[in-house]
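Okay, model_32.cif now, which holds mmCIF, C-alpha atoms:
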data_coords
#
loop_
_atom_site.label_atom_id
_atom_site.label_comp_id
_atom_site.auth_asym_id
_atom_site.auth_seq_id
_atom_site.Cartn_x
_atom_site.Cartn_y
_atom_site.Cartn_z
CA MET A 5 26.21 78.64 -25.45
CA GLN A 6 28.82 76.15 -24.42
CA THR A 7 30.38 74.06 -27.16
CA HIS A 8 31.17 70.41 -26.83
CA GLU A 9 34.88 71.25 -26.82
CA GLN A 10 34.44 73.78 -23.98
CA ALA A 11 32.51 71.26 -21.92
CA LYS A 12 35.27 68.74 -22.35
CA LYS A 13 37.80 71.22 -20.88
CA LYS A 14 35.99 71.39 -17.49
CA PRO A 15 37.88 70.14 -14.46
CA PRO A 16 37.02 66.47 -13.93
CA HIS A 17 34.72 66.87 -10.90
CA GLU A 18 33.01 70.15 -11.75
CA ASP A 19 29.90 68.45 -13.14
CA HIS A 20 29.35 66.73 -9.79
CA GLY A 21 29.48 69.94 -7.77
CA PRO A 22 32.22 70.86 -5.29
CA PRO A 23 34.01 67.97 -3.56
CA THR A 24 33.04 69.19 -0.09
CA ILE A 25 29.82 69.70 1.80
CA THR A 26 29.08 72.13 4.58
CA VAL A 27 26.67 71.00 7.28
CA VAL A 28 25.26 72.43 10.51
CA VAL A 29 25.76 70.09 13.45
CA PHE A 30 23.76 70.18 16.69
CA SER A 31 24.75 68.46 19.92
CA PRO A 32 22.84 67.76 23.14
CA ARG A 33 25.80 69.36 24.92
CA GLU A 34 25.37 72.93 23.72
CA PRO A 35 22.44 75.12 22.77
CA ASN A 36 24.08 76.41 19.60
CA PRO A 37 25.17 74.42 16.55
CA LYS A 38 28.55 74.44 14.83
CA THR A 39 29.29 74.43 11.10
CA PHE A 40 31.65 71.92 9.49
CA THR A 41 32.94 71.43 5.97
CA TRP A 42 34.04 67.94 5.01
CA PRO A 43 34.92 66.03 1.84
CA LYS A 44 31.81 64.33 0.51
CA THR A 45 33.63 61.04 0.70
CA LYS A 46 34.47 61.33 4.41
CA LEU A 47 33.00 58.46 6.41
CA VAL A 48 30.06 59.33 8.64
CA GLY A 49 31.82 57.87 11.69
CA GLU A 50 34.96 59.94 11.08
CA ALA A 51 33.00 63.15 10.58
CA ALA A 52 30.89 62.46 13.65
CA ALA A 53 33.99 61.79 15.75
CA GLU A 54 35.49 65.07 14.58
CA ALA A 55 32.31 66.96 15.40
CA ALA A 56 32.05 65.22 18.78
CA ALA A 57 35.57 66.31 19.66
CA ALA A 58 34.69 69.89 18.75
CA PHE A 59 31.74 69.72 21.16
CA GLY A 60 33.99 68.39 23.91
CA TYR A 61 32.95 64.74 24.00
CA PRO A 62 35.62 62.44 25.41
CA PRO A 63 37.50 60.15 22.98
CA GLY A 64 35.96 56.74 22.44
CA LEU A 65 32.38 57.85 21.87
CA THR A 66 30.60 55.69 19.28
CA ALA A 67 29.34 58.70 17.38
CA SER A 68 27.10 59.03 14.37
CA PHE A 69 24.65 61.58 13.03
CA GLN A 70 20.89 61.64 13.12
CA THR A 71 18.95 63.58 10.51
CA PHE A 72 16.05 65.79 11.56
CA ALA A 73 13.77 63.23 9.93
CA GLY A 74 15.01 60.84 12.64
CA ASP A 75 17.26 58.58 10.57
CA VAL A 76 20.53 57.47 12.18
CA LEU A 77 23.25 57.40 9.53
CA ASP A 78 25.46 54.37 8.90
CA ARG A 79 28.85 55.20 10.40
CA ASP A 80 30.72 53.09 7.87
CA LYS A 81 29.47 54.86 4.75
CA PRO A 82 30.62 58.12 3.11
CA LEU A 83 28.54 61.21 3.81
CA VAL A 84 27.46 61.48 0.19
CA ALA A 85 26.39 57.84 0.08
CA VAL A 86 23.91 58.28 2.94
CA GLY A 87 22.36 61.32 1.30
CA VAL A 88 23.99 64.16 3.25
CA ARG A 89 23.79 67.32 1.18
CA ASP A 90 25.29 70.77 1.40
CA GLY A 91 23.41 72.83 3.98
CA ASP A 92 21.89 69.87 5.84
CA SER A 93 21.41 69.97 9.61
CA LEU A 94 22.51 66.93 11.59
CA GLU A 95 22.64 65.99 15.28
CA ILE A 96 25.45 64.08 16.96
CA VAL A 97 24.21 60.83 18.46
CA ASP A 98 25.90 58.30 20.71
CA VAL A 99 25.09 54.93 19.14
CA GLY A 100 26.79 52.84 21.80
CA GLY A 101 24.78 49.88 22.99
CA GLY A 102 23.01 48.88 26.16
CA VAL A 103 23.74 45.71 28.08
CA MET B 274 25.96 62.26 49.67
CA VAL B 275 25.76 65.40 47.58
CA PRO B 276 23.99 68.31 49.33
CA LYS B 277 20.56 68.85 47.82
CA VAL B 278 21.34 72.48 47.05
CA THR B 279 24.30 71.37 44.92
CA THR B 280 22.25 68.76 43.07
CA ARG B 281 19.54 71.33 42.40
CA ALA B 282 22.03 73.78 40.89
CA VAL B 283 23.53 71.11 38.63
CA VAL B 284 20.14 69.79 37.61
CA GLN B 285 18.77 73.22 36.79
CA HIS B 286 21.76 73.95 34.56
CA GLU B 287 21.51 70.62 32.73
CA PHE B 288 17.73 70.82 32.48
CA SER B 289 18.02 74.04 30.49
CA LEU B 290 20.16 72.20 27.91
CA ALA B 291 17.78 69.24 27.99
CA GLU B 292 14.89 71.58 27.18
CA VAL B 293 16.74 72.88 24.11
CA TRP B 294 17.30 69.29 22.97
CA ALA B 295 13.67 68.39 23.71
CA SER B 296 12.33 71.27 21.63
CA ARG B 297 14.30 69.99 18.64
CA HIS B 298 13.00 66.44 19.10
CA ARG B 299 9.41 67.12 20.21
CA TRP B 300 9.77 65.65 23.68
CA GLU B 301 7.92 67.20 26.60
CA LEU B 302 9.94 67.68 29.79
CA ALA B 303 9.04 68.92 33.24
CA LEU B 304 11.23 69.29 36.30
CA ASN B 305 10.10 69.31 39.91
CA ILE B 306 13.11 70.92 41.52
CA ASP B 307 11.82 70.18 45.05
CA THR B 308 11.48 66.43 44.56
CA LEU B 309 14.29 66.31 41.97
CA VAL B 310 12.21 64.35 39.49
CA MET B 311 12.28 65.06 35.76
CA THR B 312 9.34 63.71 33.79
CA CYS B 313 9.69 63.10 30.06
CA THR B 314 7.09 62.25 27.44
CA THR B 315 7.55 61.24 23.85
CA ARG B 316 5.84 58.98 21.32
CA HIS B 317 6.76 55.41 20.54
CA PRO B 318 7.61 55.33 16.83
CA ALA B 319 5.97 51.89 16.47
CA ASN B 320 2.41 53.03 17.24
CA ARG B 321 2.63 56.70 18.31
CA GLU B 322 1.47 55.91 21.86
CA ASN B 323 3.03 57.93 24.67
CA VAL B 324 6.21 56.79 26.36
CA PHE B 325 6.58 58.19 29.88
CA LEU B 326 10.03 58.29 31.47
CA ASN B 327 10.90 59.54 34.94
CA ALA B 328 14.39 60.44 36.06
CA GLU B 329 14.87 60.59 39.82
CA LEU B 330 17.85 62.85 40.35
CA PHE B 331 18.67 62.55 44.05
CA GLY B 332 22.46 62.66 44.45
CA TYR B 333 23.12 63.52 40.79
CA ARG B 334 25.96 63.72 39.58
CA ALA B 335 27.70 61.64 42.22
CA VAL B 336 25.39 58.89 41.02
CA PRO B 337 23.42 58.73 37.77
CA PRO B 338 19.67 59.32 37.63
CA ALA B 339 17.27 56.47 38.38
CA TRP B 340 15.45 56.13 35.04
CA LEU B 341 12.06 54.46 35.04
CA CYS B 342 9.37 53.90 32.45
CA VAL B 343 5.94 54.52 33.95
CA ASP B 344 2.37 54.27 32.74
CA ALA B 345 -0.01 57.19 32.27
CA HIS B 346 -0.73 57.16 36.03
CA GLY B 347 2.96 57.38 36.93
CA THR B 348 3.20 53.74 38.03
CA HIS B 349 6.27 51.69 37.24
CA ALA B 350 5.10 48.86 35.00
CA LYS B 351 6.71 46.39 32.63
CA GLY B 352 4.17 47.23 29.95
CA ALA B 353 5.34 50.85 30.04
CA TYR B 354 8.75 49.82 28.69
CA PRO B 355 9.56 49.78 24.98
CA ALA B 356 10.55 46.32 23.77
CA PRO B 357 14.26 45.95 23.00
CA GLY B 358 15.39 46.03 19.40
CA PRO B 359 18.99 45.79 18.23
CA LEU B 360 20.74 48.89 16.97
CA PRO B 361 22.62 48.95 13.66
CA GLY B 362 25.82 46.97 14.04
CA GLY B 363 24.11 44.48 16.33
CA LYS B 364 24.46 46.59 19.47
CA SER B 365 22.10 45.73 22.30
CA SER B 366 19.18 47.86 23.36
CA VAL B 367 19.17 49.67 26.70
CA PHE B 368 15.62 48.36 27.23
CA HIS B 369 16.09 45.20 29.33
CA SER B 370 13.36 42.68 30.07
CA GLN B 371 13.85 42.84 33.89
CA PRO B 372 12.37 45.53 33.19
CA VAL B 373 15.05 48.18 33.52
CA ILE B 374 16.91 50.64 31.36
CA CYS B 375 20.17 48.78 31.45
CA ALA B 376 23.05 51.17 30.88
CA PRO B 377 25.73 52.81 33.02
CA PHE B 378 23.70 56.04 33.12
CA ASN B 379 20.87 54.41 35.08
CA ARG B 380 21.28 53.97 38.85
CA LEU B 381 18.78 51.12 38.73
CA ALA B 382 21.14 48.98 36.65
CA TYR B 383 23.56 48.68 39.62
CA ALA B 384 23.48 46.79 42.87
CA ASP B 385 22.15 49.99 44.51
CA GLY B 386 19.00 49.65 42.42
CA ASN B 387 18.82 45.85 42.51
CA GLY B 388 19.74 45.88 38.84
CA PRO B 389 21.28 43.27 36.55
CA HIS B 390 24.85 44.51 37.22
CA LYS B 391 25.06 43.78 40.94
CA GLN B 392 28.44 42.08 40.57
CA ASP B 393 30.37 43.56 37.67
CA TRP B 394 29.74 47.31 37.81
CA GLY B 395 30.14 47.91 41.51
CA HIS B 396 28.55 50.96 43.07
CA ALA B 397 26.63 53.48 40.98
CA THR B 398 29.27 56.10 41.80
CA ASN B 399 31.37 54.30 39.15
CA TRP B 400 28.94 55.33 36.41
CA LEU B 401 31.39 57.50 34.48
CA SER B 402 34.07 54.80 34.36
CA VAL B 403 32.26 51.49 33.81
CA PRO B 404 34.37 49.65 31.19
CA GLY B 405 32.78 48.33 27.99
CA ASP B 406 31.33 49.34 24.65
CA PHE B 407 28.21 51.06 25.93
CA ALA B 408 26.41 54.28 25.23
CA ARG B 409 28.20 56.92 27.30
CA PRO B 410 25.94 59.90 27.89
CA THR B 411 27.15 62.12 30.72
CA THR B 412 24.49 64.82 30.82
CA LEU B 413 20.69 64.70 30.99
CA ALA B 414 20.32 65.89 27.38
CA GLU B 415 22.74 63.23 26.16
CA MET B 416 20.82 60.57 28.10
CA LEU B 417 17.60 61.65 26.40
CA GLN B 418 19.33 61.40 23.05
CA VAL B 419 20.45 57.83 23.75
CA LEU B 420 16.96 56.86 24.92
CA GLU B 421 15.47 58.36 21.77
CA THR B 422 17.91 56.47 19.53
CA HIS B 423 17.15 53.15 21.25
CA LEU B 424 13.44 53.88 21.17
CA ARG B 425 13.70 54.36 17.42
CA TYR B 426 14.76 50.70 17.04
CA SER B 427 12.18 49.32 19.47
CA PRO B 428 9.61 47.13 17.69
CA GLY B 429 6.83 47.79 20.22
CA TRP B 430 6.16 47.31 23.93
CA MET B 431 7.25 44.79 26.57
CA THR B 432 4.63 42.28 27.64
#

Mind turning this structure into structure tokens?
Amino acid sequence: MQTHEQAKKKPPHEDHGPPTITVVVFSPREPNPKTFTWPKTKLVGEAAAEAAAAFGYPPGLTASFQTFAGDVLDRDKPLVAVGVRDGDSLEIVDVGGGV
Amino acid sequence: MVPKVTTRAVVQHEFSLAEVWASRHRWELALNIDTLVMTCTTRHPANRENVFLNAELFGYRAVPPAWLCVDAHGTHAKGAYPAPGPLPGGKSSVFHSQPVICAPFNRLAYADGNGPHKQDWGHATNWLSVPGDFARPTTLAEMLQVLETHLRYSPGWMT
């Protein structure tokens, strides 16, 4: 059984799980997904841009992720803040507008 | 214009990727390779009624597809179009009240299709280089993804 003193000696973030999450990302461009590991605090837009580049999208895409429940994630929020969890599957989406 | 045999080869390749995307998103797709028309069916999230989209692919990829919303009989009709709803961040919908899917990836948005961008976008052959902050899909599967995203924010149907 862990004593109070032992618990206090844990690294500061251990109680919150590892600081990264690994997700499976699909793209309309390829039949097979790719796996990425990012800091939980990485912004959705930054992670999506990184994934888009890996799938060969040209720079400048307004990229985000869509969950398989259909929700498009807010590009300006950290992954952890929009509920992305380790092992989740996401799809790259172009959220540029129409005219 | 692009030889039909070339368009068919390109379309068949892209359609296979579009089918993979469609299976993940529960869309139904069919391709008539002779007429170069792809038909697409999904559900409107507002009331679960069917949305029917046709992509006429003559000359693709020199020009983008001609995307149309049609009714259950295959007739182009304003009431077959989802109503526009803004995307997060205030971005405009591709569903335009003309009615037309108004985006660089639709041939009908240009002068060639008597679309709203007769003056500023030039010929539809410019579709991969139209300047502006628009959705930029460059393959059939990516176009379906953009249409699905905009459909998600549609409050209902055009009247």

Original post:
For chain B against chain A, which residues fall within 8 Å using only C-alpha atoms, given as a ChimeraX atom specification?
Top reply: /B:290-291,293-294,360-361,364-369,375-376,406-410,412,414-415,418-419,422

Subject >> Length of the CA of Gly429 (chain B) to CA of Phe325 (chain B) vector [Å] >> reply: 14.2 Å

Subject >> Residues returned when the PyMOL selection byres ((chain A and resi 88) around 10) runs on this file, as number ranges by chain >> reply: A: 25-27, 44, 48, 71, 77, 82-87, 89-94

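For the pair CA of Ser402 (chain B) and CA of Arg425 (chain B), the interatomic distance is 26.5 Å.
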
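CA of Pro372 (chain B) to CA of Tyr354 (chain B) spans 7.2 Å [interatomic distance, one decimal].
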
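Here the question is which of A:Thr39, A:Ser68, A:Lys81, A:Thr24 gets nearest to Ala56 (chain A) using all atoms listed in the file, and that residue is A:Ser68.
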
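For the structure shown here, the set of residues caught by the PyMOL selection byres ((chain B and resi 358) around 6) is Pro357, Pro359, Ser366, Tyr426 and Ser427 of chain B.
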
What box, with edges along x, y and z, holds each listed atom of region 57-70 of chain A when 4 Å is added on every side, and can you state its centre and edge lengths in Å to one decimal, as AutoDock Vina command-line options?
--center_x 29.2 --center_y 62.8 --center_z 19.2 --size_x 24.6 --size_y 22.2 --size_z 20.4

**OP:** Please provide as a PyMOL selection string all residues within 7 Å of region 327-333 of chain B, with the sequence filter that same-chain residues fewer than 3 positions apart are discarded (counting only C-alpha atoms).
**Re:** chain B and resi 274-275+280+309-313+336-342

**OP:** Would you mind listing what lies within 12 Å of Ala350 (chain B) as JSON, numbers by chain, with all atoms listed in the file counted and same-chain residues fewer than 2 positions away left out?
**Re:** {"B": [324, 325, 326, 341, 342, 343, 344, 345, 346, 347, 348, 352, 353, 354, 355, 370, 371, 372, 373, 430, 431, 432]}

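Minimum atom-to-atom distances from B:Ala397, B:Leu413, B:Ala356, B:Ala335 to Leu302 (chain B) were compared using all atoms listed in the file, and the lowest value belongs to B:Leu413.
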
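Candidate residues B:Trp400, B:His317, B:Asp385, B:Asn323 were compared for distance to Pro428 (chain B), and the nearest is B:His317, using all atoms listed in the file.
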
Missing atoms in region 386-402 of chain B should be modelled up to N, CA and C atoms and reported as a PDB file, in the frame of the given file.
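After the write, selection.pdb holds the following:
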ATOM      1  N   GLY B 386      20.385  49.653  42.878  1.00  0.00           N
ATOM      2  CA  GLY B 386      19.000  49.650  42.420  1.00  0.00           C
ATOM      3  C   GLY B 386      18.477  48.249  42.181  1.00  0.00           C
ATOM      4  N   ASN B 387      19.190  47.251  42.701  1.00  0.00           N
ATOM      5  CA  ASN B 387      18.820  45.850  42.510  1.00  0.00           C
ATOM      6  C   ASN B 387      18.780  45.498  41.017  1.00  0.00           C
ATOM      7  N   GLY B 388      19.724  46.072  40.281  1.00  0.00           N
ATOM      8  CA  GLY B 388      19.740  45.880  38.840  1.00  0.00           C
ATOM      9  C   GLY B 388      20.539  44.664  38.405  1.00  0.00           C
ATOM     10  N   PRO B 389      20.598  44.458  37.085  1.00  0.00           N
ATOM     11  CA  PRO B 389      21.280  43.270  36.550  1.00  0.00           C
ATOM     12  C   PRO B 389      22.796  43.289  36.790  1.00  0.00           C
ATOM     13  N   HIS B 390      23.385  44.438  37.093  1.00  0.00           N
ATOM     14  CA  HIS B 390      24.850  44.510  37.220  1.00  0.00           C
ATOM     15  C   HIS B 390      25.281  44.648  38.683  1.00  0.00           C
ATOM     16  N   LYS B 391      24.722  43.780  39.510  1.00  0.00           N
ATOM     17  CA  LYS B 391      25.060  43.780  40.940  1.00  0.00           C
ATOM     18  C   LYS B 391      26.541  43.487  41.152  1.00  0.00           C
ATOM     19  N   GLN B 392      27.088  42.577  40.339  1.00  0.00           N
ATOM     20  CA  GLN B 392      28.440  42.080  40.570  1.00  0.00           C
ATOM     21  C   GLN B 392      29.504  42.881  39.800  1.00  0.00           C
ATOM     22  N   ASP B 393      29.262  43.103  38.510  1.00  0.00           N
ATOM     23  CA  ASP B 393      30.370  43.560  37.670  1.00  0.00           C
ATOM     24  C   ASP B 393      30.556  45.072  37.590  1.00  0.00           C
ATOM     25  N   TRP B 394      29.573  45.863  37.943  1.00  0.00           N
ATOM     26  CA  TRP B 394      29.740  47.310  37.810  1.00  0.00           C
ATOM     27  C   TRP B 394      30.022  48.004  39.134  1.00  0.00           C
ATOM     28  N   GLY B 395      29.892  47.284  40.223  1.00  0.00           N
ATOM     29  CA  GLY B 395      30.140  47.910  41.510  1.00  0.00           C
ATOM     30  C   GLY B 395      29.067  48.931  41.862  1.00  0.00           C
ATOM     31  N   HIS B 396      29.487  49.945  42.595  1.00  0.00           N
ATOM     32  CA  HIS B 396      28.550  50.960  43.070  1.00  0.00           C
ATOM     33  C   HIS B 396      28.228  51.949  41.943  1.00  0.00           C
ATOM     34  N   ALA B 397      27.068  52.540  42.017  1.00  0.00           N
ATOM     35  CA  ALA B 397      26.630  53.480  40.980  1.00  0.00           C
ATOM     36  C   ALA B 397      27.523  54.714  40.879  1.00  0.00           C
ATOM     37  N   THR B 398      28.340  54.969  41.909  1.00  0.00           N
ATOM     38  CA  THR B 398      29.270  56.100  41.800  1.00  0.00           C
ATOM     39  C   THR B 398      30.330  55.848  40.722  1.00  0.00           C
ATOM     40  N   ASN B 399      30.420  54.618  40.221  1.00  0.00           N
ATOM     41  CA  ASN B 399      31.370  54.300  39.150  1.00  0.00           C
ATOM     42  C   ASN B 399      30.822  54.631  37.754  1.00  0.00           C
ATOM     43  N   TRP B 400      29.675  55.261  37.680  1.00  0.00           N
ATOM     44  CA  TRP B 400      28.940  55.330  36.410  1.00  0.00           C
ATOM     45  C   TRP B 400      29.699  55.974  35.263  1.00  0.00           C
ATOM     46  N   LEU B 401      30.650  56.843  35.561  1.00  0.00           N
ATOM     47  CA  LEU B 401      31.390  57.500  34.480  1.00  0.00           C
ATOM     48  C   LEU B 401      32.612  56.699  34.033  1.00  0.00           C
ATOM     49  N   SER B 402      32.870  55.574  34.698  1.00  0.00           N
ATOM     50  CA  SER B 402      34.070  54.800  34.360  1.00  0.00           C
ATOM     51  C   SER B 402      33.811  53.310  34.198  1.00  0.00           C
TER      52      SER B 402
END
